[in-house]
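**Student:** Structure file final_8.cif (mmCIF, C-alpha atoms and all ligand atoms) is given on the next line.
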```cif
data_structure
#
loop_
_atom_site.label_atom_id
_atom_site.label_comp_id
_atom_site.auth_asym_id
_atom_site.auth_seq_id
_atom_site.Cartn_x
_atom_site.Cartn_y
_atom_site.Cartn_z
CA MET A 9 62.60 143.31 23.42
CA GLU A 10 60.30 142.55 20.62
CA PHE A 11 62.64 139.81 19.59
CA ARG A 12 63.26 138.63 23.17
CA THR A 13 59.59 138.91 23.91
CA GLY A 14 58.88 136.99 20.68
CA LYS A 15 61.38 134.30 21.57
CA LEU A 16 59.95 134.07 25.04
CA PHE A 17 56.44 133.74 23.62
CA TRP A 18 57.41 130.89 21.30
CA GLY A 19 59.39 129.25 24.05
CA ILE A 20 56.42 129.29 26.44
CA LEU A 21 54.13 128.10 23.66
CA SER A 22 56.46 125.22 22.83
CA LEU A 23 56.75 124.30 26.51
CA ALA A 24 52.96 124.39 26.88
CA LEU A 25 52.62 122.20 23.78
CA VAL A 26 55.12 119.66 25.10
CA VAL A 27 53.46 119.62 28.54
CA GLY A 28 50.00 119.34 26.95
CA LEU A 29 51.03 116.49 24.67
CA GLY A 30 52.74 114.77 27.57
CA ALA A 31 49.66 115.08 29.78
CA GLY A 32 47.46 113.90 26.90
CA TRP A 33 49.64 110.86 26.36
CA PHE A 34 49.63 110.15 30.11
CA LEU A 35 45.83 110.48 30.49
CA ALA A 36 44.85 108.83 27.19
CA PRO A 37 44.07 105.34 28.61
CA TRP A 38 41.64 106.84 31.16
CA LEU A 39 39.77 109.07 28.77
CA THR A 40 36.43 107.91 27.42
CA PRO A 41 35.46 108.81 23.87
CA GLN A 42 33.18 111.40 25.40
CA GLY A 43 36.21 112.89 27.08
CA GLY A 44 35.37 112.05 30.67
CA LEU A 45 37.38 109.93 33.04
CA GLN A 46 35.99 106.49 33.73
CA ALA A 47 36.19 104.23 36.82
CA VAL A 48 36.26 100.90 34.90
CA PRO A 49 40.06 100.50 34.78
CA GLN A 50 40.20 100.50 38.54
CA ALA A 51 37.35 97.90 38.78
CA THR A 52 38.95 95.63 36.17
CA ARG A 53 42.20 95.66 38.00
CA ALA A 54 40.44 94.82 41.28
CA LEU A 55 38.83 91.67 39.69
CA GLU A 56 42.12 90.27 38.58
CA PRO A 57 43.09 87.33 40.80
CA PRO A 58 45.69 88.06 43.45
CA SER A 59 47.51 84.95 42.29
CA PRO A 60 46.76 82.27 39.63
CA VAL A 61 46.80 79.41 42.22
CA THR A 62 43.91 80.78 44.25
CA ALA A 63 41.78 81.34 41.16
CA THR A 64 42.09 77.83 39.69
CA THR A 65 41.55 75.99 42.97
CA SER A 66 38.49 77.76 44.35
CA VAL A 67 36.42 79.29 41.56
CA PRO A 68 36.15 76.40 39.02
CA SER A 69 35.12 73.81 41.61
CA LEU A 70 32.31 76.00 42.91
CA THR A 71 31.05 76.66 39.37
CA PHE A 72 31.12 72.92 38.47
CA THR A 73 28.99 71.89 41.44
CA ALA A 74 26.50 74.67 40.97
CA THR A 75 25.78 73.81 37.32
CA LEU A 76 25.32 70.00 37.87
CA VAL A 77 22.77 70.23 40.65
CA PRO A 78 19.90 71.72 38.64
CA VAL A 79 20.54 69.28 35.71
CA SER A 80 20.56 65.97 37.60
CA PRO A 81 16.83 65.73 38.55
CA THR A 82 15.81 65.56 34.87
CA PRO A 83 17.16 62.07 33.86
CA VAL A 84 16.23 60.35 37.15
CA PRO A 85 12.50 59.80 36.43
CA THR A 86 13.32 58.10 33.10
CA LEU A 87 15.49 55.52 34.92
CA THR A 88 12.76 54.32 37.30
CA PRO A 89 10.74 51.32 35.98
CA SER A 90 7.30 51.98 34.66
CA PRO A 91 4.62 50.71 37.08
CA THR A 92 2.83 49.01 34.16
CA VAL A 93 5.72 46.51 33.62
CA SER A 94 5.16 43.14 35.29
CA PRO A 95 7.51 42.43 38.23
CA ILE A 96 8.68 39.34 36.37
CA ALA A 97 10.64 41.59 34.03
CA THR A 98 13.01 42.30 36.91
CA PHE A 99 14.04 38.63 37.32
CA TRP A 100 16.69 38.53 34.61
CA PRO A 101 17.02 39.61 30.97
CA GLU A 102 14.61 37.96 28.59
CA GLU A 103 15.98 35.03 26.56
CA GLN A 104 18.91 34.84 28.97
CA ALA A 105 19.66 32.16 31.57
CA GLU A 106 19.60 32.47 35.31
CA VAL A 107 21.63 29.94 37.28
CA ILE A 108 19.24 28.62 39.93
CA GLY A 109 21.67 26.17 41.54
CA VAL A 110 24.52 23.74 40.88
CA SER A 111 24.74 19.96 40.58
CA VAL A 112 26.71 17.61 42.84
CA GLU A 113 29.72 18.16 40.59
CA GLY A 114 29.19 21.91 40.42
CA HIS A 115 27.61 22.22 36.96
CA PRO A 116 25.25 25.20 36.76
CA ILE A 117 21.51 24.52 36.51
CA GLU A 118 20.08 27.18 34.22
CA VAL A 119 16.58 28.48 33.53
CA TYR A 120 15.81 30.54 30.42
CA ARG A 121 12.89 32.98 30.34
CA PHE A 122 10.73 34.03 27.39
CA GLY A 123 7.96 36.63 27.62
CA HIS A 124 6.81 38.45 30.74
CA GLY A 125 3.09 37.77 31.09
CA PRO A 126 1.43 36.77 34.37
CA ASP A 127 0.53 33.24 33.12
CA GLN A 128 3.70 31.26 33.89
CA ARG A 129 4.60 27.88 32.36
CA MET A 130 7.72 25.75 32.53
CA ILE A 131 9.56 23.09 30.55
CA VAL A 132 12.12 20.85 32.32
CA ALA A 133 14.42 18.62 30.25
CA GLY A 134 17.29 16.29 31.05
CA ILE A 135 16.03 15.06 34.42
CA HIS A 136 17.47 11.70 33.33
CA GLY A 137 20.69 13.27 32.06
CA GLY A 138 22.83 11.50 29.51
CA TYR A 139 20.51 8.49 29.28
CA GLU A 140 17.84 10.74 27.74
CA ASN A 141 20.17 13.37 26.32
CA ASN A 142 17.99 14.00 23.27
CA THR A 143 15.58 15.85 25.60
CA VAL A 144 18.43 18.31 26.34
CA VAL A 145 19.17 18.68 22.62
CA LEU A 146 15.47 19.36 22.04
CA ALA A 147 15.27 21.96 24.83
CA ARG A 148 18.26 23.83 23.41
CA MET A 149 16.74 23.73 19.92
CA LEU A 150 13.48 25.15 21.31
CA ILE A 151 15.43 27.94 23.06
CA ALA A 152 17.22 28.82 19.82
CA ARG A 153 13.99 28.81 17.81
CA LEU A 154 12.15 30.90 20.39
CA ARG A 155 14.92 33.51 20.21
CA SER A 156 14.20 33.80 16.48
CA ASN A 157 10.42 33.66 16.99
CA PRO A 158 9.69 35.45 20.27
CA ALA A 159 6.12 36.27 19.16
CA VAL A 160 5.23 32.58 19.61
CA VAL A 161 4.97 33.26 23.35
CA PRO A 162 1.59 35.00 23.91
CA LYS A 163 1.64 38.41 25.56
CA ASP A 164 0.04 37.13 28.76
CA VAL A 165 2.48 34.20 29.15
CA THR A 166 5.95 33.76 30.62
CA LEU A 167 7.72 30.56 29.57
CA PHE A 168 10.64 29.14 31.55
CA ILE A 169 12.89 26.45 30.03
CA LEU A 170 15.33 24.44 32.15
CA PRO A 171 17.33 22.52 29.52
CA VAL A 172 19.24 20.09 31.76
CA LEU A 173 18.26 19.30 35.35
CA ASN A 174 20.83 16.50 35.64
CA PRO A 175 24.00 17.99 34.13
CA ASP A 176 26.31 15.49 35.87
CA GLY A 177 24.67 12.54 34.11
CA TYR A 178 24.40 14.52 30.88
CA TYR A 179 28.06 15.63 30.67
CA ASP A 180 29.70 12.58 32.28
CA HIS A 181 27.81 9.84 30.41
CA PRO A 182 26.28 11.21 27.21
CA GLY A 183 24.01 8.67 25.55
CA GLN A 184 24.80 6.07 28.19
CA THR A 185 22.73 4.16 30.73
CA TYR A 186 24.95 5.47 33.54
CA GLY A 187 23.88 9.01 32.67
CA ARG A 188 20.38 8.49 34.13
CA ALA A 189 21.38 9.28 37.74
CA ASN A 190 23.28 12.23 39.19
CA ALA A 191 26.82 11.95 40.58
CA HIS A 192 25.40 10.53 43.83
CA GLY A 193 23.75 7.67 41.91
CA VAL A 194 20.30 9.16 42.60
CA ASP A 195 17.41 9.07 40.10
CA LEU A 196 16.28 12.70 40.42
CA ASN A 197 12.78 11.76 39.26
CA ARG A 198 12.42 9.64 42.42
CA ASN A 199 13.77 12.33 44.76
CA PHE A 200 10.82 14.75 44.94
CA ASP A 201 8.59 14.92 47.99
CA ALA A 202 5.58 13.20 46.44
CA LEU A 203 4.82 9.55 47.31
CA TRP A 204 8.54 9.32 48.04
CA GLN A 205 9.86 5.89 49.08
CA PRO A 206 13.44 4.84 49.82
CA ASP A 207 12.92 1.91 47.45
CA TRP A 208 10.28 0.61 45.02
CA ARG A 209 9.16 -2.59 43.32
CA ARG A 210 11.92 -2.76 40.74
CA LYS A 211 10.74 -5.75 38.71
CA ASP A 212 8.31 -3.76 36.55
CA CYS A 213 10.39 -0.59 36.30
CA TRP A 214 13.54 0.59 34.57
CA ASN A 215 16.11 -1.54 36.36
CA ALA A 216 19.32 -1.46 34.35
CA LEU A 217 21.28 0.06 37.22
CA PRO A 218 20.96 -0.04 41.04
CA ILE A 219 20.17 3.67 41.25
CA SER A 220 18.54 5.09 44.40
CA ALA A 221 15.80 7.52 45.42
CA GLY A 222 18.18 9.48 47.66
CA ALA A 223 18.46 9.42 51.45
CA GLN A 224 15.23 11.45 51.78
CA PRO A 225 13.05 13.68 49.59
CA PHE A 226 15.01 16.59 48.14
CA SER A 227 18.33 15.16 49.32
CA GLU A 228 19.96 16.25 46.03
CA PRO A 229 21.13 19.76 45.06
CA GLU A 230 19.46 19.47 41.64
CA THR A 231 15.97 18.76 43.01
CA GLN A 232 16.47 21.38 45.73
CA ALA A 233 17.33 23.98 43.07
CA LEU A 234 14.17 23.29 41.05
CA ARG A 235 11.98 23.16 44.19
CA ASP A 236 13.38 26.46 45.45
CA PHE A 237 12.83 28.10 42.05
CA ILE A 238 9.21 26.92 41.78
CA MET A 239 8.49 27.95 45.39
CA ARG A 240 9.75 31.54 44.93
CA PRO A 241 7.07 34.10 45.83
CA GLU A 242 7.15 35.59 42.33
CA ILE A 243 6.79 32.17 40.64
CA HIS A 244 3.28 30.73 40.28
CA LEU A 245 3.37 28.13 37.50
CA ALA A 246 0.11 27.15 35.85
CA ALA A 247 1.57 24.21 33.89
CA LEU A 248 4.75 22.15 33.55
CA VAL A 249 6.18 19.70 31.01
CA SER A 250 8.94 17.28 32.06
CA TYR A 251 10.69 15.75 29.04
CA HIS A 252 11.80 12.11 28.89
CA SER A 253 12.58 9.51 26.25
CA ALA A 254 11.77 7.17 24.70
CA ALA A 255 8.25 5.81 25.21
CA HIS A 256 6.45 8.01 22.61
CA MET A 257 3.74 8.69 25.21
CA ILE A 258 2.43 11.35 27.55
CA PHE A 259 1.78 10.72 31.27
CA ALA A 260 -0.47 13.01 33.30
CA GLY A 261 0.76 13.96 36.77
CA GLY A 262 -1.01 12.84 39.94
CA GLN A 263 -1.90 9.39 41.27
CA PRO A 264 -4.73 8.99 40.38
CA PRO A 265 -4.20 11.32 37.41
CA ASP A 266 -5.01 14.98 38.14
CA PRO A 267 -7.93 16.16 35.90
CA ARG A 268 -6.21 19.40 34.83
CA SER A 269 -3.06 17.47 33.98
CA VAL A 270 -5.18 15.03 31.94
CA SER A 271 -6.66 18.01 30.07
CA LEU A 272 -3.14 19.29 29.34
CA ALA A 273 -1.98 15.81 28.25
CA GLU A 274 -4.89 15.53 25.82
CA ALA A 275 -4.09 18.92 24.26
CA LEU A 276 -0.42 18.02 23.85
CA ALA A 277 -1.23 14.56 22.45
CA ALA A 278 -3.53 16.11 19.85
CA ALA A 279 -0.78 18.50 18.71
CA SER A 280 2.10 16.01 18.74
CA GLY A 281 0.77 12.52 18.01
CA TYR A 282 2.38 11.19 21.19
CA LYS A 283 0.10 8.57 22.70
CA PHE A 284 -2.34 9.50 25.47
CA PRO A 285 -3.64 7.83 27.53
CA PRO A 286 -0.39 5.87 27.81
CA GLU A 287 -0.21 2.13 27.49
CA ASN A 288 -0.42 0.05 30.64
CA TYR A 289 2.60 0.77 32.75
CA ASP A 290 2.95 -1.27 35.96
CA CYS A 291 6.00 0.47 37.36
CA GLU A 292 5.61 1.80 40.90
CA LEU A 293 6.21 5.54 40.47
CA THR A 294 7.66 7.30 43.54
CA GLY A 295 9.07 10.76 44.20
CA GLN A 296 8.22 12.08 40.71
CA LEU A 297 8.56 15.71 39.65
CA VAL A 298 5.12 15.80 37.99
CA ASP A 299 3.37 14.36 41.06
CA TRP A 300 5.06 16.93 43.31
CA ALA A 301 4.13 19.71 40.85
CA VAL A 302 0.47 18.61 40.89
CA ALA A 303 0.58 18.77 44.71
CA GLN A 304 1.63 22.43 44.29
CA GLY A 305 -1.43 23.12 42.12
CA ILE A 306 0.43 22.92 38.80
CA ALA A 307 -0.94 20.97 35.82
CA ALA A 308 2.01 18.70 34.96
CA VAL A 309 2.82 16.00 32.41
CA ASP A 310 5.72 13.77 31.40
CA VAL A 311 6.29 13.89 27.64
CA GLU A 312 8.28 10.93 26.26
CA LEU A 313 10.11 11.44 22.94
CA THR A 314 9.99 8.74 20.29
CA ASN A 315 13.47 7.26 20.82
CA HIS A 316 16.76 8.01 22.57
CA ARG A 317 18.31 9.62 19.50
CA ASP A 318 16.02 12.12 17.76
CA PRO A 319 15.03 15.44 19.35
CA ASP A 320 11.64 15.39 17.53
CA LEU A 321 11.98 19.15 16.99
CA GLU A 322 9.08 19.72 14.61
CA ILE A 323 6.73 17.54 16.67
CA ASN A 324 7.64 19.46 19.81
CA TRP A 325 7.48 22.87 18.15
CA ARG A 326 3.80 22.09 17.57
CA LEU A 327 3.53 20.66 21.09
CA LEU A 328 5.08 23.86 22.51
CA GLN A 329 2.48 26.05 20.83
CA ALA A 330 -0.30 23.84 22.17
CA PHE A 331 1.31 24.05 25.63
CA LEU A 332 1.37 27.86 25.46
CA ALA A 333 -2.22 28.03 24.21
CA TRP A 334 -3.70 25.50 26.67
CA GLN A 335 -6.07 27.02 29.22
CA PRO A 336 -6.36 25.48 32.70
CA GLY A 337 -10.17 25.61 32.50
CA GLU A 338 -10.31 23.33 29.46
ZN ZN B 401 13.15 9.58 31.88
#
```
As structure tokens - that is how I would like this structure written.
**Tutor:**
Amino acid sequence: MEFRTGKLFWGILSLALVVGLGAGWFLAPWLTPQGGLQAVPQATRALEPPSPVTATTSVPSLTFTATLVPVSPTPVPTLTPSPTVSPIATFWPEEQAEVIGVSVEGHPIEVYRFGHGPDQRMIVAGIHGGYENNTVVLARMLIARLRSNPAVVPKDVTLFILPVLNPDGYYDHPGQTYGRANAHGVDLNRNFDALWQPDWRRKDCWNALPISAGAQPFSEPETQALRDFIMRPEIHLAALVSYHSAAHMIFAGGQPPDPRSVSLAEALAAASGYKFPPENYDCELTGQLVDWAVAQGIAAVDVELTNHRDPDLEINWRLLQAFLAWQPGE
């Protein structure tokens, strides 16, 4: 019995050991280091997605929206314009052209802008197209030089440059008499609504071609484009130069001459050496840009280059600085 009892004892002990080890192995994943059972495995299993499709479609989209909303208000205030910037800065990028209209043949009429001060001034070249094409060459040279020397334009000034008001005459008949008029045969400098006449005493005027004044004031798309630009609510020009060639003189706008335009002409003559007052000129002047500009309260002058060939760049670089510095009260 001792032996049987002994064998029975060892058998029970072995069975208990096997059962104990088996239970330990079975319970091991649920036992904490402290020996207690934990509830976490059940919770972790419950958080697992029922299926991968549901998880990727719903959860990420909700998270994406929720994180963007609080971030977006931060950059918005930096995008709004500062109230201290002049409204003129919103017209178009500085030193770039805005197309303000097209010619009879569809050529763009461009205006370049330099500076953004409240004191606005304008240069118009090429009103007589290809016949006076050196004025266009000059205007483009001034634009290029201003891009390299933007500080020449004072902080309180905005300068507009329209390099070619009569592109049809300029491109179709470069350097030729025919290039004076637009594609309708109209002299644009007789088409403005200032002392406009359908005809004029031609004997004492430029009379190489039977060009016209147009059917009525502002009958031409080129003059309409410039008028509409100058009459914009945000445009209030103090002074204007209209370039011609080749009389080597300056003419003040207005008939009789406007005193402020005379003051401007004197300042530009002193800087350039172009003659002012001009020599006797008996031509009957009708529908001129400078006379119309004076009627709008703008000091305006015609500047005539020396000949039909040279752009007179250095002379007109000095003239430009005098134009920008001139004060209407002088
Ligand atoms: Zn001219």
**Student:** Taking all atoms listed in the file into account, name the residue in A:Ala223, A:Val172, A:Ala278, A:Ile151 that is nearest to Gly193 in chain A.
**Tutor:** A:Ala223
**Student:** May I ask for the distance between CA of Asn324 in chain A and CA of Ala133 in chain A, given in Å to one decimal place?
**Tutor:** 12.5 Å
**Student:** If you count all atoms listed in the file, which residues fall within 8 Å of Leu150 in chain A, apart from same-chain ones fewer than 4 positions away, as a tab-separated table (two decimals) with C-alpha atoms, in the coordinates of the input?
**Tutor:**
```tsv
chain	number	residue	atom	x	y	z
A	146	LEU	CA	15.47	19.36	22.04
A	154	LEU	CA	12.15	30.90	20.39
A	321	LEU	CA	11.98	19.15	16.99
A	325	TRP	CA	7.48	22.87	18.15
```
**Student:** Please identify all polymer residues lying at most 7 Å from the point (19.1, 12.7, 42.3) (file coordinates), using only C-alpha atoms, and present the result as a PDB file with C-alpha atoms, in the frame of the given file.
**Tutor:**
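The resulting point09.pdb:
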```pdb
ATOM      1  CA  ALA A 189      21.380   9.280  37.740  1.00  0.00           C
ATOM      2  CA  ASN A 190      23.280  12.230  39.190  1.00  0.00           C
ATOM      3  CA  HIS A 192      25.400  10.530  43.830  1.00  0.00           C
ATOM      4  CA  GLY A 193      23.750   7.670  41.910  1.00  0.00           C
ATOM      5  CA  VAL A 194      20.300   9.160  42.600  1.00  0.00           C
ATOM      6  CA  ASP A 195      17.410   9.070  40.100  1.00  0.00           C
ATOM      7  CA  LEU A 196      16.280  12.700  40.420  1.00  0.00           C
ATOM      8  CA  ASN A 199      13.770  12.330  44.760  1.00  0.00           C
ATOM      9  CA  ALA A 221      15.800   7.520  45.420  1.00  0.00           C
ATOM     10  CA  GLY A 222      18.180   9.480  47.660  1.00  0.00           C
ATOM     11  CA  GLU A 228      19.960  16.250  46.030  1.00  0.00           C
ATOM     12  CA  GLU A 230      19.460  19.470  41.640  1.00  0.00           C
ATOM     13  CA  THR A 231      15.970  18.760  43.010  1.00  0.00           C
TER      14      THR A 231
END
```
**Student:** Using all atoms listed in the file, which residues sit within 8 Å of Phe122 in chain A once same-chain residues fewer than 2 positions away are excluded, as a list in words?
**Tutor:** Glu102, Glu103, Tyr120, His124, Leu154, Pro158, Val161, Thr166, Leu167 and Phe168 of chain A
**Student:** Mind writing the picked residues with C-alpha atoms as a PDB file, in the coordinates of the input?
**Tutor:**
```
ATOM      1  CA  GLU A 102      14.610  37.960  28.590  1.00  0.00           C
ATOM      2  CA  GLU A 103      15.980  35.030  26.560  1.00  0.00           C
ATOM      3  CA  TYR A 120      15.810  30.540  30.420  1.00  0.00           C
ATOM      4  CA  HIS A 124       6.810  38.450  30.740  1.00  0.00           C
ATOM      5  CA  LEU A 154      12.150  30.900  20.390  1.00  0.00           C
ATOM      6  CA  PRO A 158       9.690  35.450  20.270  1.00  0.00           C
ATOM      7  CA  VAL A 161       4.970  33.260  23.350  1.00  0.00           C
ATOM      8  CA  THR A 166       5.950  33.760  30.620  1.00  0.00           C
ATOM      9  CA  LEU A 167       7.720  30.560  29.570  1.00  0.00           C
ATOM     10  CA  PHE A 168      10.640  29.140  31.550  1.00  0.00           C
TER      11      PHE A 168
END
```
**Student:** Between A:Pro319, A:Pro286, A:Gly261, A:Pro126, which is the closest to Ala303 in chain A once you count only C-alpha atoms?
**Tutor:**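 Closest to Ala303 in chain A of all the choices is A:Gly261.
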**Student:** What does the distance between CA of Cys291 in chain A and CA of Asn197 in chain A come to in Å, to one decimal place?
**Tutor:**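 Distance reported for this atom pair: 13.3 Å.
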**Student:** Could you pull out the residues sitting within 7 Å of ligand ZN 401 (chain B), using all atoms listed in the file, and write them as a list of chain:residue names?
**Tutor:**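 The neighbouring residues of ligand ZN 401 (chain B) are, in order, A:Ile135, A:His136, A:Glu140, A:His252, A:Ser253.
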**Student:** Using all atoms listed in the file for the distances, tell me which of A:Glu292, A:Glu113, A:His316, A:Leu234 is nearest to Lys211 in chain A.
**Tutor:** A:Glu292
**Student:** Find the residues near Tyr251 in chain A: any atom within 7 Å, counting all atoms listed in the file, skip ones fewer than 5 places away on the same chain, and give them as a PyMOL selection string.
**Tutor:** chain A and resi 132-134+143+310-312
**Student:** Have a look at CA of Ile238 in chain A and CA of Val165 in chain A and let me know their distance in Å, one decimal.
**Tutor:** 16.1 Å
**Student:** Counting only C-alpha atoms, figure out which residue out of A:Ala233, A:Leu332, A:Ile323, A:Ala279 gets nearest to Leu248 in chain A.
**Tutor:** A:Leu332
**Student:** If you count all atoms listed in the file, which residues fall within 7 Å of Leu245 in chain A, apart from same-chain ones fewer than 4 positions away, as a list in words?
**Tutor:**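 Skipping anything fewer than 4 positions along the chain leaves Gln128, Arg129 and Ile306 of chain A.
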**Student:** Let me make sure I understand: among A:Leu293, A:Pro101, A:Ala152, A:Asp127, which one has the smallest atom-to-atom distance to Glu242 in chain A if we use all atoms listed in the file?
**Tutor:**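 Counting all atoms listed in the file, the residue closest to Glu242 in chain A is A:Asp127.
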**Student:** Can you find the residues with an atom no farther than 12 Å from (0.3, 12.4, 19.0), counting all atoms listed in the file, and report them as an mmCIF file with C-alpha atoms, in the coordinates of the input?
**Tutor:**
```cif
data_model
loop_
_atom_site.group_PDB
_atom_site.id
_atom_site.type_symbol
_atom_site.label_atom_id
_atom_site.label_comp_id
_atom_site.auth_asym_id
_atom_site.auth_seq_id
_atom_site.Cartn_x
_atom_site.Cartn_y
_atom_site.Cartn_z
ATOM 1 C CA HIS A 256 6.450 8.010 22.610
ATOM 2 C CA MET A 257 3.740 8.690 25.210
ATOM 3 C CA ILE A 258 2.430 11.350 27.550
ATOM 4 C CA ALA A 273 -1.980 15.810 28.250
ATOM 5 C CA GLU A 274 -4.890 15.530 25.820
ATOM 6 C CA ALA A 275 -4.090 18.920 24.260
ATOM 7 C CA LEU A 276 -0.420 18.020 23.850
ATOM 8 C CA ALA A 277 -1.230 14.560 22.450
ATOM 9 C CA ALA A 278 -3.530 16.110 19.850
ATOM 10 C CA ALA A 279 -0.780 18.500 18.710
ATOM 11 C CA SER A 280 2.100 16.010 18.740
ATOM 12 C CA GLY A 281 0.770 12.520 18.010
ATOM 13 C CA TYR A 282 2.380 11.190 21.190
ATOM 14 C CA LYS A 283 0.100 8.570 22.700
ATOM 15 C CA PHE A 284 -2.340 9.500 25.470
ATOM 16 C CA PRO A 285 -3.640 7.830 27.530
ATOM 17 C CA PRO A 286 -0.390 5.870 27.810
ATOM 18 C CA VAL A 311 6.290 13.890 27.640
ATOM 19 C CA GLU A 312 8.280 10.930 26.260
ATOM 20 C CA LEU A 313 10.110 11.440 22.940
ATOM 21 C CA THR A 314 9.990 8.740 20.290
ATOM 22 C CA ASP A 320 11.640 15.390 17.530
ATOM 23 C CA ILE A 323 6.730 17.540 16.670
ATOM 24 C CA ASN A 324 7.640 19.460 19.810
ATOM 25 C CA ARG A 326 3.800 22.090 17.570
ATOM 26 C CA LEU A 327 3.530 20.660 21.090
ATOM 27 C CA ALA A 330 -0.300 23.840 22.170
#
```
**Student:** From the list A:Leu297, A:Met239, A:Ala307, A:Ala254, which residue is nearest Asn142 in chain A when using only C-alpha atoms?
**Tutor:**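 Using only C-alpha atoms, Asn142 in chain A sits closest to A:Ala254.
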**Student:** Do you know which residues are at most 7 Å from Pro229 in chain A counting only C-alpha atoms, after dropping those on the same chain fewer than 2 positions away, and could you put them as a PyMOL selection string?
**Tutor:** chain A and resi 110-112+227+231-233
**Student:** Okay, now the selection with C-alpha atoms, as a PDB file, in the frame of the given file?
**Tutor:**
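Now in out-v2.pdb:
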```pdb
ATOM      1  CA  VAL A 110      24.520  23.740  40.880  1.00  0.00           C
ATOM      2  CA  SER A 111      24.740  19.960  40.580  1.00  0.00           C
ATOM      3  CA  VAL A 112      26.710  17.610  42.840  1.00  0.00           C
ATOM      4  CA  SER A 227      18.330  15.160  49.320  1.00  0.00           C
ATOM      5  CA  THR A 231      15.970  18.760  43.010  1.00  0.00           C
ATOM      6  CA  GLN A 232      16.470  21.380  45.730  1.00  0.00           C
ATOM      7  CA  ALA A 233      17.330  23.980  43.070  1.00  0.00           C
TER       8      ALA A 233
END
```
**Student:** Taking N, CA and C atoms as the atom set, what does range 197-208 of chain A look like once completed, written as a PDB file, in the frame of the given file?
**Tutor:**
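Saved the output as selection06.pdb:
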```
ATOM      1  N   ASN A 197      14.238  11.844  39.392  1.00  0.00           N
ATOM      2  CA  ASN A 197      12.780  11.760  39.260  1.00  0.00           C
ATOM      3  C   ASN A 197      12.161  10.787  40.277  1.00  0.00           C
ATOM      4  N   ARG A 198      12.954  10.357  41.248  1.00  0.00           N
ATOM      5  CA  ARG A 198      12.420   9.640  42.420  1.00  0.00           C
ATOM      6  C   ARG A 198      12.781  10.360  43.709  1.00  0.00           C
ATOM      7  N   ASN A 199      13.263  11.600  43.592  1.00  0.00           N
ATOM      8  CA  ASN A 199      13.770  12.330  44.760  1.00  0.00           C
ATOM      9  C   ASN A 199      12.871  13.478  45.203  1.00  0.00           C
ATOM     10  N   PHE A 200      11.725  13.671  44.528  1.00  0.00           N
ATOM     11  CA  PHE A 200      10.820  14.750  44.940  1.00  0.00           C
ATOM     12  C   PHE A 200       9.913  14.286  46.079  1.00  0.00           C
ATOM     13  N   ASP A 201       9.381  15.241  46.803  1.00  0.00           N
ATOM     14  CA  ASP A 201       8.590  14.920  47.990  1.00  0.00           C
ATOM     15  C   ASP A 201       7.127  14.673  47.601  1.00  0.00           C
ATOM     16  N   ALA A 202       6.927  13.600  46.858  1.00  0.00           N
ATOM     17  CA  ALA A 202       5.580  13.200  46.440  1.00  0.00           C
ATOM     18  C   ALA A 202       5.568  11.684  46.352  1.00  0.00           C
ATOM     19  N   LEU A 203       4.848  11.023  47.261  1.00  0.00           N
ATOM     20  CA  LEU A 203       4.820   9.550  47.310  1.00  0.00           C
ATOM     21  C   LEU A 203       6.256   9.000  47.340  1.00  0.00           C
ATOM     22  N   TRP A 204       7.130   9.740  47.996  1.00  0.00           N
ATOM     23  CA  TRP A 204       8.540   9.320  48.040  1.00  0.00           C
ATOM     24  C   TRP A 204       8.679   8.036  48.843  1.00  0.00           C
ATOM     25  N   GLN A 205       9.512   7.123  48.374  1.00  0.00           N
ATOM     26  CA  GLN A 205       9.860   5.890  49.080  1.00  0.00           C
ATOM     27  C   GLN A 205      11.361   5.676  48.931  1.00  0.00           C
ATOM     28  N   PRO A 206      12.006   5.110  49.953  1.00  0.00           N
ATOM     29  CA  PRO A 206      13.440   4.840  49.820  1.00  0.00           C
ATOM     30  C   PRO A 206      13.728   3.790  48.755  1.00  0.00           C
ATOM     31  N   ASP A 207      12.742   2.918  48.497  1.00  0.00           N
ATOM     32  CA  ASP A 207      12.920   1.910  47.450  1.00  0.00           C
ATOM     33  C   ASP A 207      11.562   1.667  46.793  1.00  0.00           C
ATOM     34  N   TRP A 208      11.512   0.878  45.754  1.00  0.00           N
ATOM     35  CA  TRP A 208      10.280   0.610  45.020  1.00  0.00           C
ATOM     36  C   TRP A 208      10.367  -0.773  44.408  1.00  0.00           C
TER      37      TRP A 208
END
```
